Each structure stands twice: as structure tokens, then as C-alpha cells.
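Shown next, in C-alpha cells, is the structure this report addresses.
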Amino acid sequence: MREFSWPVRVYYEDTDAGGVVYHARYLNLLERARTEWLRSLGVEQDQLLAESGLLFLVSHIAVDYLRPARFNQQLQVTVLPLPPSGVRMPLRQEVRDLAGVIHCRAEVTVVCARAPELKPVRLPRFLTEELSDGLHEP
């Protein structure tokens with residue numbers, strides 16, 4: 001699986017009084033990129049929930065803020081899947097500017113869970129097969 005990249009622009013609502021992206025807003029950008037990455041794999045999360053009773057939950061995230069991004073800046077948010085195991089789907093994500101400068105880097109672990117009890121369950125086979133095809137090692 002190759003790295004997925006999603007273009008975004010920094011809006012005024014994403015920034016603090018100084019025009020710098022507020023630290024918590026990076027989490028929104030990372031989440032949107034993960035959603036679009038899953039969509040690119042044919043996974044619509046609302047359909048997965050309705051048809052299989054499954055959803056994805058972030059169980060761990062570690063974020064490094066490396067360089068401030070600013071209002072109106074164009075960015076790319078990436079998702080790089082790592083080898084999945086059982087219920088866990090580890091991902092590396094970055095927020096980069098168009099010159100490739102990294103503004104934010106995150107290690108994210110997403111787990112698959114059965115709703116409504118939110119009990120972790122193994123990732124669906126179709127997804128582990130897709131993720132295991134040509135993955136990058138950590």
C-alpha cells in the first residue's frame with residue numbers, strides 16, 4: 001500500500017489569534033485524511049457500520065509539532081499504513097506544505113470495534129488483505 005495524500009487549505013477557523021494553526025486542529029486534518037484514505041480503499045464508514053456493525057476508533061496518537069502552518073497555506077496530509085495486526089491498524093501521518101516541509105507528524109493506532117458495545121474485533125479480512133499488499137515496514 002502506498003502513501004495516500006489529501007490536499008487541504010488552512011482556513012481562518014483553523015488558526016489562533018496569530019494566524020497559526022491551533023495545535024488541536026491538526027487532529028481534525030489527520031482525521032479527514034484517514035477518512036478519505038479509507039474512502040479511496042472503497043470503505044465508507046457509515047456503510048461499514050450499517051452493514052457490518054463495525055467502526056474504527058483511535059486508540060493511540062502521538063503527535064510531534066515540527067513547524068507552524070499558517071492561515072491560507074496549502075498543505076498535504078498523508079496516511080502511510082503499517083502492517084496491521086489483529087484489531088489494530090497502525091498508521092503514520094504527516095502534514096506537509098507543498099515544498100515537502102513537514103509541519104506535523106503523528107503515529108496513530110486505529111482499532112476496529114463492534115458497535116454499540118465498542119468491543120475490539122479483528123479487522124475485516126478484505127481490509128487486512130488490502131493493507132498487507134505492498135506495505136512499508138516501520
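By convention in this document, the chains of the C-alpha cells carry letters A, B, ... by their order, each chain's residues are numbered from 1, and ligands are numbered from 1 in the order they are shown.
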Exercise. Using only C-alpha atoms, which residues sit within 7 Å of region 23-25 of chain A once same-chain residues fewer than 3 positions away are excluded, as a count of residues only?
Worked result: 3
Would you pick out the contacts of region 42-53 of chain A at 9 Å or less, using only C-alpha atoms, so that residues sharing its chain but fewer than 5 positions from it are not included, and give the list as a compact mmCIF listing (two decimals) with C-alpha atoms, in the first residue's frame?
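What landed in selection.txt:
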```txt
# COMPACT_ATOMS: atom_id res chain seq x y z
CA THR A 35 -11.46 9.14 6.20
CA TRP A 37 -7.86 7.24 2.61
CA ALA A 113 -14.70 -2.29 17.13
CA ARG A 114 -18.19 -3.71 17.09
CA ALA A 115 -20.89 -1.16 17.84
CA PRO A 116 -22.72 -0.45 20.12
CA LEU A 127 -9.08 -4.65 4.70
```
For this session: Please identify which residues in chain A DSSP calls strand (DSSP E or B) from the backbone, and express them as number ranges by chain.
Result: A: 4-9, 15, 20-21, 54-65, 70, 74-81, 85, 88-97, 102-114, 119-120
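Proximity of A:Val77, A:Leu55, A:Leu98, A:Ile61 to Glu3 (chain A), computed with only C-alpha atoms, is greatest for A:Val77.
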Seminar exercise, completed: With distances taken over only C-alpha atoms, the candidate from A:Val101, A:Val87, A:Leu57, A:Ala69 nearest Tyr11 (chain A) is A:Ala69
For this session: Enumerate as number ranges by chain all residues of chain A assigned to helix (DSSP H, G or I) by DSSP on the backbone, naming them with the chain letters and numbers the document uses.
Result: A: 12-14, 25-40, 45-52, 125-132
Those same residues - C-alpha atoms - I'd like them written as an mmCIF file, in the first residue's frame.
```cif
data_model
loop_
_atom_site.group_PDB
_atom_site.id
_atom_site.type_symbol
_atom_site.label_atom_id
_atom_site.label_comp_id
_atom_site.auth_asym_id
_atom_site.auth_seq_id
_atom_site.Cartn_x
_atom_site.Cartn_y
_atom_site.Cartn_z
ATOM 1 C CA TYR A 12 -9.222 31.173 9.394
ATOM 2 C CA GLU A 13 -11.221 28.886 11.725
ATOM 3 C CA ASP A 14 -8.160 26.600 11.972
ATOM 4 C CA ARG A 25 -6.805 21.452 14.548
ATOM 5 C CA TYR A 26 -4.070 19.152 13.269
ATOM 6 C CA LEU A 27 -6.081 16.262 14.713
ATOM 7 C CA ASN A 28 -9.023 17.302 12.509
ATOM 8 C CA LEU A 29 -6.791 17.368 9.435
ATOM 9 C CA LEU A 30 -5.374 13.930 10.264
ATOM 10 C CA GLU A 31 -8.882 12.531 10.781
ATOM 11 C CA ARG A 32 -10.129 13.888 7.459
ATOM 12 C CA ALA A 33 -7.183 12.360 5.620
ATOM 13 C CA ARG A 34 -7.824 8.971 7.273
ATOM 14 C CA THR A 35 -11.463 9.142 6.203
ATOM 15 C CA GLU A 36 -10.522 9.975 2.610
ATOM 16 C CA TRP A 37 -7.860 7.245 2.613
ATOM 17 C CA LEU A 38 -10.441 4.657 3.701
ATOM 18 C CA ARG A 39 -12.829 6.005 1.060
ATOM 19 C CA SER A 40 -10.087 5.529 -1.568
ATOM 20 C CA GLN A 45 -17.524 4.181 7.292
ATOM 21 C CA ASP A 46 -21.276 4.786 7.550
ATOM 22 C CA GLN A 47 -21.941 1.794 5.270
ATOM 23 C CA LEU A 48 -19.486 -0.384 7.211
ATOM 24 C CA LEU A 49 -21.358 0.469 10.400
ATOM 25 C CA ALA A 50 -24.805 -0.129 8.861
ATOM 26 C CA GLU A 51 -23.871 -3.372 7.090
ATOM 27 C CA SER A 52 -21.353 -4.956 9.478
ATOM 28 C CA ARG A 125 -10.274 -9.669 6.023
ATOM 29 C CA PHE A 126 -10.768 -7.529 2.909
ATOM 30 C CA LEU A 127 -9.076 -4.649 4.702
ATOM 31 C CA THR A 128 -6.122 -6.631 6.061
ATOM 32 C CA GLU A 129 -5.554 -8.076 2.597
ATOM 33 C CA GLU A 130 -5.637 -4.602 1.043
ATOM 34 C CA LEU A 131 -3.348 -3.209 3.736
ATOM 35 C CA SER A 132 -0.885 -6.102 3.562
#
```
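Coordinates place CA of Leu75 (chain A) at a distance of 18.5 Å from CA of Gly18 (chain A).
CA of Phe4 (chain A) lies 16.2 Å from CA of Val110 (chain A).
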